[in-house]
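Shown next: my_file.csv, containing CSV, C-alpha atoms.
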chain,number,residue,atom,x,y,z
R,1,MET,CA,108.0,82.0,92.3
R,2,PRO,CA,106.7,83.0,95.7
R,3,LEU,CA,108.8,85.6,97.6
R,4,ASN,CA,110.3,84.6,100.9
R,5,ASN,CA,109.1,86.4,104.0
R,6,THR,CA,112.5,86.9,105.6
R,7,TYR,CA,116.1,87.2,104.6
R,8,ASN,CA,119.1,86.1,106.5
R,9,GLN,CA,122.9,85.7,106.1
R,10,ALA,CA,122.5,82.2,104.6
R,11,GLN,CA,120.6,83.7,101.7
R,12,GLY,CA,123.4,86.0,100.8
R,13,TYR,CA,122.6,89.4,102.2
R,14,SER,CA,125.2,91.0,104.4
R,15,ASN,CA,124.8,93.6,107.1
R,16,MET,CA,121.2,92.7,107.8
R,17,GLU,CA,120.9,94.4,111.2
R,18,SER,CA,117.5,96.2,111.1
R,19,PRO,CA,117.7,100.0,110.8
R,20,TYR,CA,114.1,100.6,111.6
R,21,GLY,CA,114.7,101.6,115.1
R,22,ASN,CA,116.9,104.5,114.0
R,23,ALA,CA,115.1,107.8,113.7
R,24,ALA,CA,116.8,108.4,110.4
R,25,TYR,CA,114.8,105.5,108.9
R,26,SER,CA,111.5,106.2,110.5
R,27,SER,CA,108.2,106.4,108.6
R,28,SER,CA,108.1,110.2,109.0
R,29,HIS,CA,111.6,110.6,107.5
R,30,TRP,CA,110.7,108.2,104.7
R,31,LEU,CA,107.6,110.3,104.0
R,32,GLU,CA,109.6,113.5,104.0
R,33,LYS,CA,112.1,112.1,101.5
R,34,GLU,CA,109.4,110.6,99.2
R,35,GLN,CA,107.4,113.8,99.3
R,36,ALA,CA,110.5,115.8,98.2
R,37,ARG,CA,111.2,113.2,95.5
R,38,SER,CA,107.6,113.2,94.2
R,39,ARG,CA,107.8,116.9,93.6
R,40,ARG,CA,110.8,116.3,91.4
R,41,SER,CA,109.0,113.5,89.6
R,42,LYS,CA,106.2,115.7,88.2
R,43,TRP,CA,107.8,116.3,84.8
R,44,ILE,CA,105.0,114.6,83.1
R,45,VAL,CA,102.5,116.5,85.1
R,46,ILE,CA,104.0,119.8,84.1
R,47,GLY,CA,104.3,118.9,80.5
R,48,SER,CA,100.7,117.6,80.4
R,49,LEU,CA,99.2,120.8,81.8
R,50,VAL,CA,100.9,123.0,79.3
R,51,ALA,CA,100.6,120.8,76.2
R,52,ILE,CA,98.1,120.7,73.4
R,53,ILE,CA,96.4,117.3,73.4
R,54,GLY,CA,97.5,115.3,70.3
R,55,VAL,CA,95.0,113.2,68.4
R,56,ILE,CA,96.4,109.6,67.8
R,57,ALA,CA,95.1,107.6,64.9
R,58,ILE,CA,94.0,104.1,65.8
R,59,GLY,CA,94.9,101.0,63.9
R,60,VAL,CA,97.8,102.3,61.8
R,61,GLY,CA,100.4,100.1,60.3
R,62,VAL,CA,104.0,99.6,61.6
R,63,GLY,CA,105.6,102.0,59.2
R,64,VAL,CA,103.1,104.8,59.9
R,65,THR,CA,103.3,104.2,63.7
R,66,VAL,CA,107.1,104.7,63.8
R,67,ALA,CA,107.2,107.4,61.1
R,68,LYS,CA,104.6,109.4,63.0
R,69,ASN,CA,106.9,109.6,66.0
R,70,ASN,CA,110.0,110.6,63.9
R,71,LYS,CA,107.9,113.2,62.2
R,72,SER,CA,106.8,114.8,65.5
R,73,SER,CA,110.4,114.7,66.8
R,74,SER,CA,112.8,117.6,66.5
R,75,LYS,CA,115.6,115.0,66.9
R,76,SER,CA,115.2,112.5,64.2
R,77,SER,CA,117.1,109.2,63.9
R,78,SER,CA,119.6,111.0,61.6
R,79,SER,CA,120.8,113.0,64.6
R,80,SER,CA,120.9,110.0,66.9
R,81,SER,CA,122.9,110.5,70.1
R,82,SER,CA,123.7,106.8,70.1
R,83,ALA,CA,125.4,106.5,66.7
R,84,GLY,CA,128.4,104.2,66.8
R,85,VAL,CA,127.8,102.9,70.3
R,86,VAL,CA,127.0,99.4,69.2
R,87,THR,CA,128.5,97.8,66.1
R,88,GLN,CA,126.6,95.6,63.7
R,89,THR,CA,128.0,93.1,61.2
R,90,ASN,CA,125.3,94.2,58.8
R,91,PRO,CA,124.7,97.9,59.3
R,92,ASN,CA,121.1,97.5,57.9
R,93,ASP,CA,120.2,94.7,60.2
R,94,PRO,CA,120.0,95.7,64.0
R,95,SER,CA,119.8,92.0,64.9
R,96,THR,CA,123.4,91.5,63.8
R,97,PHE,CA,124.8,93.6,66.7
R,98,THR,CA,128.1,92.6,68.4
R,99,THR,CA,127.9,91.8,72.1
R,100,ASP,CA,130.0,93.4,74.7
R,101,SER,CA,131.9,91.0,76.9
R,102,ARG,CA,131.6,93.3,79.9
R,103,LEU,CA,127.8,93.0,79.9
R,104,LYS,CA,126.1,90.0,81.6
R,105,LYS,CA,122.5,89.0,81.7
R,106,SER,CA,122.4,89.2,85.5
R,107,PHE,CA,119.4,91.5,86.2
R,108,TYR,CA,115.8,90.4,86.7
R,109,GLY,CA,114.8,93.7,85.1
R,110,ILE,CA,115.9,97.3,84.4
R,111,ALA,CA,113.9,100.5,84.5
R,112,TYR,CA,114.1,102.4,81.2
R,113,THR,CA,112.8,105.6,79.7
R,114,PRO,CA,113.9,106.3,76.1
R,115,GLU,CA,115.9,109.5,75.7
R,116,GLY,CA,113.8,112.4,74.6
R,117,SER,CA,110.4,111.1,75.8
R,118,GLN,CA,109.4,114.1,77.8
R,119,TYR,CA,106.1,115.5,76.6
R,120,PRO,CA,105.4,117.7,74.7
R,121,GLU,CA,109.0,118.1,73.3
R,122,CYS,CA,109.2,114.4,72.2
R,123,GLY,CA,112.8,114.2,71.0
R,124,ASN,CA,113.2,110.4,70.9
R,125,SER,CA,114.2,108.3,67.9
R,126,LEU,CA,114.0,104.8,66.8
R,127,ALA,CA,117.7,104.6,66.2
R,128,ASP,CA,118.4,105.5,69.8
R,129,VAL,CA,115.9,103.0,71.1
R,130,ILE,CA,117.3,100.2,68.9
R,131,THR,CA,120.8,100.9,70.5
R,132,ASP,CA,119.3,100.9,73.9
R,133,ILE,CA,117.5,97.5,73.3
R,134,GLN,CA,120.7,96.1,71.9
R,135,LEU,CA,122.5,97.0,75.2
R,136,LEU,CA,119.7,96.2,77.5
R,137,SER,CA,119.2,92.8,76.0
R,138,GLN,CA,122.7,91.9,77.2
R,139,LEU,CA,121.8,92.7,80.8
R,140,THR,CA,118.2,91.5,81.2
R,141,ASP,CA,115.1,89.9,79.5
R,142,GLN,CA,112.7,92.5,81.1
R,143,ILE,CA,112.4,96.2,81.2
R,144,ARG,CA,109.7,98.5,82.5
R,145,LEU,CA,108.5,101.8,81.1
R,146,TYR,CA,107.0,104.7,83.1
R,147,GLY,CA,104.7,106.3,80.5
R,148,ALA,CA,103.5,106.1,76.9
R,149,ASP,CA,104.0,109.6,75.7
R,150,CYS,CA,106.1,110.5,72.6
R,151,ASN,CA,105.2,107.1,71.0
R,152,GLN,CA,107.7,105.3,73.3
R,153,THR,CA,105.6,102.1,73.5
R,154,ALA,CA,105.6,101.6,69.7
R,155,LEU,CA,109.3,102.6,69.5
R,156,VAL,CA,110.3,100.0,72.1
R,157,LEU,CA,108.2,97.2,70.5
R,158,GLU,CA,109.6,98.1,67.1
R,159,ALA,CA,113.1,98.0,68.4
R,160,ILE,CA,112.6,94.6,69.9
R,161,LYS,CA,111.2,93.4,66.6
R,162,GLN,CA,114.1,94.7,64.6
R,163,THR,CA,116.8,93.4,67.0
R,164,LYS,CA,115.1,90.0,67.4
R,165,VAL,CA,116.0,89.9,71.1
R,166,ASN,CA,114.3,88.0,73.9
R,167,MET,CA,112.8,90.9,75.7
R,168,THR,CA,109.4,91.5,77.4
R,169,VAL,CA,108.2,95.0,78.5
R,170,TYR,CA,106.0,96.3,81.3
R,171,LEU,CA,104.3,99.2,79.5
R,172,GLY,CA,103.5,102.3,81.5
R,173,ASN,CA,100.8,105.0,81.7
R,174,TYR,CA,101.7,108.0,83.9
R,175,PRO,CA,98.4,109.6,84.8
R,176,ILE,CA,97.9,112.6,87.1
R,177,PRO,CA,95.0,113.2,89.5
R,178,THR,CA,94.1,116.7,88.3
R,179,ASP,CA,93.8,116.2,84.5
R,180,PRO,CA,92.3,113.2,82.6
R,181,ALA,CA,94.0,114.1,79.3
R,182,PRO,CA,97.5,112.6,80.0
R,183,TYR,CA,95.9,109.3,81.0
R,184,GLU,CA,93.7,109.2,77.9
R,185,ARG,CA,96.5,110.2,75.6
R,186,GLN,CA,98.8,107.5,76.9
R,187,ARG,CA,96.0,104.9,76.9
R,188,ASP,CA,95.3,105.5,73.3
R,189,ALA,CA,99.0,105.3,72.4
R,190,ILE,CA,99.3,101.9,74.2
R,191,ILE,CA,96.1,100.5,72.5
R,192,ASP,CA,97.4,101.7,69.2
R,193,ALA,CA,100.8,100.0,69.7
R,194,LEU,CA,99.1,96.8,70.9
R,195,LYS,CA,96.9,96.7,67.7
R,196,THR,CA,100.1,97.1,65.6
R,197,TYR,CA,102.5,94.8,67.5
R,198,GLY,CA,100.4,92.5,69.6
R,199,ALA,CA,101.2,91.5,73.1
R,200,ASP,CA,103.9,88.8,72.6
R,201,HIS,CA,106.5,91.0,74.2
R,202,VAL,CA,104.2,92.7,76.7
R,203,ALA,CA,104.4,91.4,80.3
R,204,GLY,CA,101.9,93.9,81.7
R,205,ILE,CA,100.7,97.5,81.8
R,206,THR,CA,101.4,99.6,84.8
R,207,VAL,CA,98.9,102.4,85.4
R,208,GLY,CA,100.2,105.0,87.7
R,209,ASN,CA,103.7,105.9,89.0
R,210,GLU,CA,103.6,107.3,92.5
R,211,TYR,CA,100.0,108.4,91.9
R,212,MET,CA,98.9,107.9,95.5
R,213,LEU,CA,102.0,109.7,96.8
R,214,ASN,CA,101.4,112.7,94.6
R,215,TYR,CA,97.7,112.7,95.4
R,216,LEU,CA,98.3,112.7,99.1
R,217,ASN,CA,100.9,115.5,98.8
R,218,ALA,CA,98.5,117.6,96.8
R,219,ASN,CA,95.6,117.1,99.3
R,220,GLY,CA,97.3,117.3,102.6
R,221,GLY,CA,97.3,113.6,103.4
R,222,THR,CA,100.0,111.2,104.6
R,223,ASP,CA,98.1,107.8,104.9
R,224,PRO,CA,97.3,106.1,101.6
R,225,ASN,CA,94.5,104.1,103.3
R,226,SER,CA,92.8,107.2,105.0
R,227,ALA,CA,89.6,108.8,103.8
R,228,ILE,CA,91.7,111.2,101.7
R,229,GLY,CA,93.7,108.3,100.3
R,230,ASN,CA,90.7,106.3,99.4
R,231,VAL,CA,89.3,109.3,97.3
R,232,GLY,CA,92.6,109.3,95.3
R,233,ALA,CA,92.4,105.5,95.1
R,234,ARG,CA,89.0,105.6,93.4
R,235,LEU,CA,90.4,108.1,90.8
R,236,LEU,CA,93.3,105.8,90.1
R,237,LEU,CA,91.0,102.7,90.0
R,238,SER,CA,88.9,104.3,87.3
R,239,ASN,CA,91.9,104.5,85.1
R,240,ILE,CA,93.0,100.9,85.9
R,241,THR,CA,89.5,99.6,85.2
R,242,ASP,CA,89.3,101.5,81.9
R,243,THR,CA,92.7,100.2,80.8
R,244,ARG,CA,91.7,96.6,81.6
R,245,THR,CA,88.4,97.1,79.6
R,246,ALA,CA,90.2,98.6,76.6
R,247,VAL,CA,92.9,95.9,76.5
R,248,ASP,CA,90.4,93.1,76.9
R,249,ALA,CA,88.4,94.4,74.0
R,250,LEU,CA,91.4,93.8,71.7
R,251,SER,CA,91.2,90.0,72.1
R,252,LEU,CA,94.9,89.7,72.0
R,253,GLY,CA,94.9,86.0,72.7
R,254,LYS,CA,96.5,86.4,76.1
R,255,THR,CA,95.5,88.1,79.3
R,256,VAL,CA,97.7,91.1,79.9
R,257,PRO,CA,98.2,91.8,83.6
R,258,ILE,CA,97.3,95.3,84.8
R,259,GLY,CA,99.2,96.8,87.8
R,260,THR,CA,100.3,100.0,89.4
R,261,ALA,CA,103.5,101.4,90.8
R,262,ASP,CA,104.0,103.7,93.8
R,263,ALA,CA,106.4,104.8,96.5
R,264,GLY,CA,107.1,102.0,98.9
R,265,SER,CA,104.9,103.2,101.8
R,266,PHE,CA,102.1,104.5,99.7
R,267,PHE,CA,100.0,101.6,98.3
R,268,ASN,CA,96.3,101.8,98.9
R,269,ASN,CA,94.7,98.5,99.7
R,270,GLU,CA,91.6,99.2,97.6
R,271,VAL,CA,93.9,99.6,94.6
R,272,LEU,CA,96.0,96.6,95.4
R,273,ALA,CA,92.8,94.5,95.7
R,274,LYS,CA,91.9,95.3,92.1
R,275,VAL,CA,95.3,94.8,90.3
R,276,ASP,CA,97.3,91.8,89.2
R,277,TYR,CA,100.6,93.2,90.5
R,278,GLY,CA,102.2,96.1,92.3
R,279,MET,CA,105.5,97.8,91.8
R,280,SER,CA,107.2,99.5,94.7
R,281,ASN,CA,109.9,102.2,94.5
R,282,ILE,CA,112.4,101.5,97.3
R,283,HIS,CA,115.6,103.6,97.6
R,284,ALA,CA,117.9,103.1,100.5
R,285,TRP,CA,119.6,106.4,99.4
R,286,PHE,CA,116.5,108.5,100.2
R,287,ALA,CA,116.0,106.7,103.5
R,288,ASN,CA,119.6,107.7,104.6
R,289,VAL,CA,120.7,104.1,104.8
R,290,SER,CA,124.5,103.4,104.6
R,291,ILE,CA,125.7,101.6,101.5
R,292,ASP,CA,126.8,98.7,103.7
R,293,GLN,CA,123.2,98.1,104.9
R,294,ALA,CA,121.5,99.2,101.7
R,295,ALA,CA,120.8,95.9,100.0
R,296,GLY,CA,119.5,94.2,103.1
R,297,TRP,CA,117.4,97.2,104.0
R,298,VAL,CA,115.7,97.3,100.6
R,299,ASN,CA,114.8,93.6,100.9
R,300,ASP,CA,113.6,93.9,104.5
R,301,PHE,CA,111.5,96.9,103.6
R,302,PHE,CA,110.0,95.2,100.6
R,303,GLN,CA,109.1,92.0,102.4
R,304,GLU,CA,107.7,93.7,105.5
R,305,THR,CA,105.9,96.6,104.0
R,306,ASN,CA,104.8,95.5,100.5
R,307,VAL,CA,104.8,91.7,100.2
R,308,ALA,CA,103.2,91.1,103.6
R,309,ALA,CA,100.4,93.7,102.8
R,310,ALA,CA,99.7,92.1,99.4
R,311,ASN,CA,99.6,88.6,100.8
R,312,ALA,CA,97.0,89.7,103.3
R,313,LEU,CA,94.6,90.6,100.4
R,314,ALA,CA,92.3,88.0,98.8
R,315,ASN,CA,93.7,88.5,95.3
R,316,GLN,CA,97.4,88.4,96.6
R,317,PRO,CA,98.8,90.6,93.8
R,318,LYS,CA,102.4,89.8,92.9
R,319,MET,CA,104.7,92.5,94.1
R,320,PHE,CA,107.9,93.8,92.4
R,321,ILE,CA,110.5,96.3,93.4
R,322,ALA,CA,109.9,98.9,90.7
R,323,GLU,CA,113.0,100.9,91.4
R,324,THR,CA,116.1,100.4,93.5
R,325,GLY,CA,119.7,101.4,92.9
R,326,TRP,CA,122.4,103.8,94.1
R,327,PRO,CA,123.5,107.1,92.6
R,328,SER,CA,127.1,107.4,91.3
R,329,ALA,CA,127.5,111.2,91.5
R,330,SER,CA,125.9,114.5,92.4
R,331,LYS,CA,125.7,117.7,90.4
R,332,ASP,CA,126.6,119.6,93.6
R,333,LYS,CA,128.6,119.0,96.7
R,334,GLY,CA,125.6,119.6,99.0
R,335,ASN,CA,123.8,116.5,97.8
R,336,GLU,CA,126.6,114.1,97.3
R,337,SER,CA,126.0,112.4,100.6
R,338,ASN,CA,122.8,111.0,102.2
R,339,GLY,CA,124.5,111.2,105.6
R,340,PRO,CA,126.3,107.9,106.1
R,341,SER,CA,127.4,107.3,102.5
R,342,THR,CA,128.2,109.1,99.3
R,343,ALA,CA,127.0,109.0,95.7
R,344,SER,CA,129.9,107.3,93.9
R,345,GLU,CA,130.7,104.6,91.4
R,346,PRO,CA,132.4,102.5,94.0
R,347,ASN,CA,129.3,102.6,96.1
R,348,LEU,CA,127.2,101.7,93.1
R,349,GLN,CA,129.5,98.7,92.6
R,350,THR,CA,128.9,97.8,96.3
R,351,PHE,CA,125.1,97.9,95.8
R,352,LEU,CA,125.4,95.8,92.6
R,353,ASP,CA,127.5,93.2,94.4
R,354,THR,CA,125.3,92.9,97.5
R,355,PHE,CA,121.8,93.1,95.9
R,356,VAL,CA,121.6,91.7,92.3
R,357,CYS,CA,122.6,88.1,92.6
R,358,GLN,CA,121.1,87.8,96.1
R,359,ALA,CA,117.7,89.1,95.0
R,360,ASN,CA,117.8,86.7,92.0
R,361,THR,CA,118.5,83.8,94.4
R,362,ASN,CA,115.6,84.8,96.6
R,363,GLY,CA,113.1,85.1,93.8
R,364,THR,CA,112.6,88.8,94.2
R,365,GLY,CA,111.3,90.5,91.1
R,366,TYR,CA,113.0,93.9,90.7
R,367,PHE,CA,113.8,96.5,88.1
R,368,PHE,CA,117.2,98.1,88.7
R,369,PHE,CA,117.2,101.9,88.5
R,370,GLU,CA,118.3,102.6,86.0
R,371,TYR,CA,119.7,101.9,82.5
R,372,PHE,CA,121.5,105.2,81.9
R,373,ASP,CA,121.9,108.7,83.3
R,374,GLU,CA,119.2,111.1,82.3
R,375,THR,CA,120.7,114.6,81.5
R,376,TRP,CA,117.3,116.4,81.6
R,377,LYS,CA,117.0,115.4,85.3
R,378,ASP,CA,120.4,116.7,86.0
R,379,ALA,CA,119.6,120.0,84.4
R,380,GLN,CA,116.2,120.4,85.9
R,381,PHE,CA,116.6,119.0,89.4
R,382,GLY,CA,120.3,118.8,90.1
R,383,GLY,CA,121.7,116.7,93.0
R,384,VAL,CA,121.8,113.0,92.4
R,385,GLU,CA,118.7,112.9,90.2
R,386,GLY,CA,120.5,112.5,86.9
R,387,HIS,CA,123.1,110.0,88.0
R,388,TRP,CA,121.5,106.6,88.7
R,389,GLY,CA,122.4,104.8,85.5
R,390,LEU,CA,124.6,101.8,84.9
R,391,PHE,CA,125.7,103.7,81.8
R,392,TYR,CA,126.5,107.4,81.4
R,393,SER,CA,124.1,109.4,79.3
R,394,ASN,CA,126.3,108.7,76.2
R,395,ARG,CA,125.7,105.0,76.7
R,396,THR,CA,129.2,104.1,77.8
R,397,LEU,CA,129.4,101.8,80.8
R,398,LYS,CA,130.5,103.4,84.0
R,399,ASP,CA,133.6,102.1,85.9
R,400,ILE,CA,131.7,99.2,87.3
R,401,THR,CA,131.7,95.4,86.9
R,402,ILE,CA,128.4,93.7,86.2
R,403,PRO,CA,127.9,90.9,88.6
R,404,THR,CA,127.9,87.3,87.3
R,405,CYS,CA,124.8,85.5,88.6
Starting from the coordinates I provided, produce the structure as structure tokens.
Amino acid sequence: MPLNNTYNQAQGYSNMESPYGNAAYSSSHWLEKEQARSRRSKWIVIGSLVAIIGVIAIGVGVGVTVAKNNKSSSKSSSSSSSAGVVTQTNPNDPSTFTTDSRLKKSFYGIAYTPEGSQYPECGNSLADVITDIQLLSQLTDQIRLYGADCNQTALVLEAIKQTKVNMTVYLGNYPIPTDPAPYERQRDAIIDALKTYGADHVAGITVGNEYMLNYLNANGGTDPNSAIGNVGARLLLSNITDTRTAVDALSLGKTVPIGTADAGSFFNNEVLAKVDYGMSNIHAWFANVSIDQAAGWVNDFFQETNVAAANALANQPKMFIAETGWPSASKDKGNESNGPSTASEPNLQTFLDTFVCQANTNGTGYFFFEYFDETWKDAQFGGVEGHWGLFYSNRTLKDITIPTC
């Protein structure tokens, strides 16, 4: 469904007065916030630089694929952190799970990273991912992954198979500009999983997450379409082209869309011209927007900055909001406010109530950020970084009401 170019009160968004004239929401301020956030997002980069490159066997069977992950993990399914969260009428059949009346399938999509998927530690487990898919399937029919390390692609597709839910996945590859090894390792894991599971539950493959933002930060640039930006774009495009070639060679019986994700203001036009879709990370919190204006601001920004730019290109790639949400807490007092509003569960509720159903009505494709709190982010980065989930890290629902759309 095509996206509308403007939003107004009749379409359901409240407090739509434009904040762009406010210096707090200027492009320079957005850049400052996104640069700071990108430094915190480099967990895969750090892990990749210190890790030993693993060799992934190609064309293995289902059992070998999943078993290999559990063997490499220090936290096997027997030590699952999600044990008992979801009940099953048949304990040996994950498809017999009991639904939770508090959960409603109201979200277009949700951003998800399996617990313990930070390379090279790789402490994830099939049991935990099954629980996550059981819960996520009660909220949405679509999820997006960020990377493919720690066998997470195969684990998610296996969990969908075992739970028998209606779920499609945007797979992810999180490359870095300075080292080809992480891209190649994740590409091979994705190809391996596609050989095993096929593409029936795959909606697309996203190559890059804030790649251009990180490249510009590392090379003293600010404009993704500058000469410096175009150099980074060509590096990213080589990965995108390689992924498309590798996937096409599988003859999967369907064309798998290939896209990229980046911070809202950091898409390069050369990249967008060569992808099927783009995913934009847009956070009112990091732009110091008040909770009362947050939902409208996200949609204005998306339409004016991302959709308009994509529609001006010959290929007109479909644009999605890759991340948007509101933090519910902060590890420390110094970061519990973005200026006009605080990180709290009531404010998360406000964002849910003013964004989700309205975005659905307007045909906006979005992935709510995020499924659950990630404790490793809280420990490593502090502030609000570990508190964006609909669920706490133990997979219990926060004190919120899921909107009915």
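If you measure from each of R:Val289, R:Ala314, R:Ile402, R:Ala322 to Cys357 of chain R using only C-alpha atoms, the closest one turns out to be R:Ile402.
Proximity ranking of R:Asn394, R:Gln152, R:Thr131, R:Thr404 relative to Leu352 of chain R places R:Thr404 first, based on all atoms listed in the file.
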Around (121.7, 103.2, 65.8), as given in the file, which residues come within 10 Å? Count all atoms listed in the file and list them as an MDAnalysis selection string. chainID R and resid 77:88 91:92 94 125:132 134
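With all atoms listed in the file as the atoms that count, the minimum distance from Thr396 of chain R to the choices R:Lys104, R:Leu135, R:Leu157, R:Thr305 is reached by R:Leu135.
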### Query
Could you tell me, as JSON, numbers by chain, which residues have any atom at most 12 Å from (89.7, 103.4, 96.0), counting all atoms listed in the file?
{"R": [212, 224, 225, 226, 227, 228, 229, 230, 231, 232, 233, 234, 235, 236, 237, 238, 239, 240, 241, 267, 268, 269, 270, 271, 272, 273, 274, 275]}
Atom CA of Leu252 of chain R to atom CA of Tyr112 of chain R measures 24.8 Å
Sorted by chain and rising residue number, list the residues of segment 198-243 of chain R at most 9 Å from segment 170-194 of chain R (counting all atoms listed in the file), each with its closest atom pair and distance in Å to one decimal, as a Markdown table.
| residue | atom | partner | partner_atom | distance |
| --- | --- | --- | --- | --- |
| R:Gly198 | CA | R:Leu194 | CA | 4.7 |
| R:Ala199 | CA | R:Leu194 | CA | 6.1 |
| R:His201 | CA | R:Tyr170 | CA | 8.9 |
| R:Val202 | CA | R:Tyr170 | CA | 6.1 |
| R:Ala203 | CA | R:Tyr170 | CA | 5.3 |
| R:Gly204 | CA | R:Tyr170 | CA | 4.8 |
| R:Ile205 | CA | R:Leu171 | CA | 4.6 |
| R:Thr206 | CA | R:Gly172 | CA | 4.8 |
| R:Val207 | CA | R:Asn173 | CA | 4.9 |
| R:Gly208 | CA | R:Tyr174 | CA | 5.1 |
| R:Asn209 | CA | R:Tyr174 | CA | 5.9 |
| R:Glu210 | CA | R:Tyr174 | CA | 8.8 |
| R:Tyr211 | CA | R:Ile176 | CA | 6.7 |
| R:Met212 | CA | R:Pro177 | CA | 8.9 |
| R:Asn214 | CA | R:Pro177 | CA | 8.2 |
| R:Tyr215 | CA | R:Pro177 | CA | 6.5 |
| R:Gly232 | CA | R:Pro177 | CA | 7.4 |
| R:Leu235 | CA | R:Pro177 | CA | 7.0 |
| R:Leu236 | CA | R:Pro177 | CA | 7.6 |
| R:Asn239 | CA | R:Tyr183 | CA | 7.5 |
| R:Thr243 | CA | R:Arg187 | CA | 6.9 |
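For the residues R:Ser341, R:Thr196, R:Gln138, R:Thr260, ranking by smallest atom-to-atom distance to Lys318 of chain R using all atoms listed in the file places R:Thr260 first.
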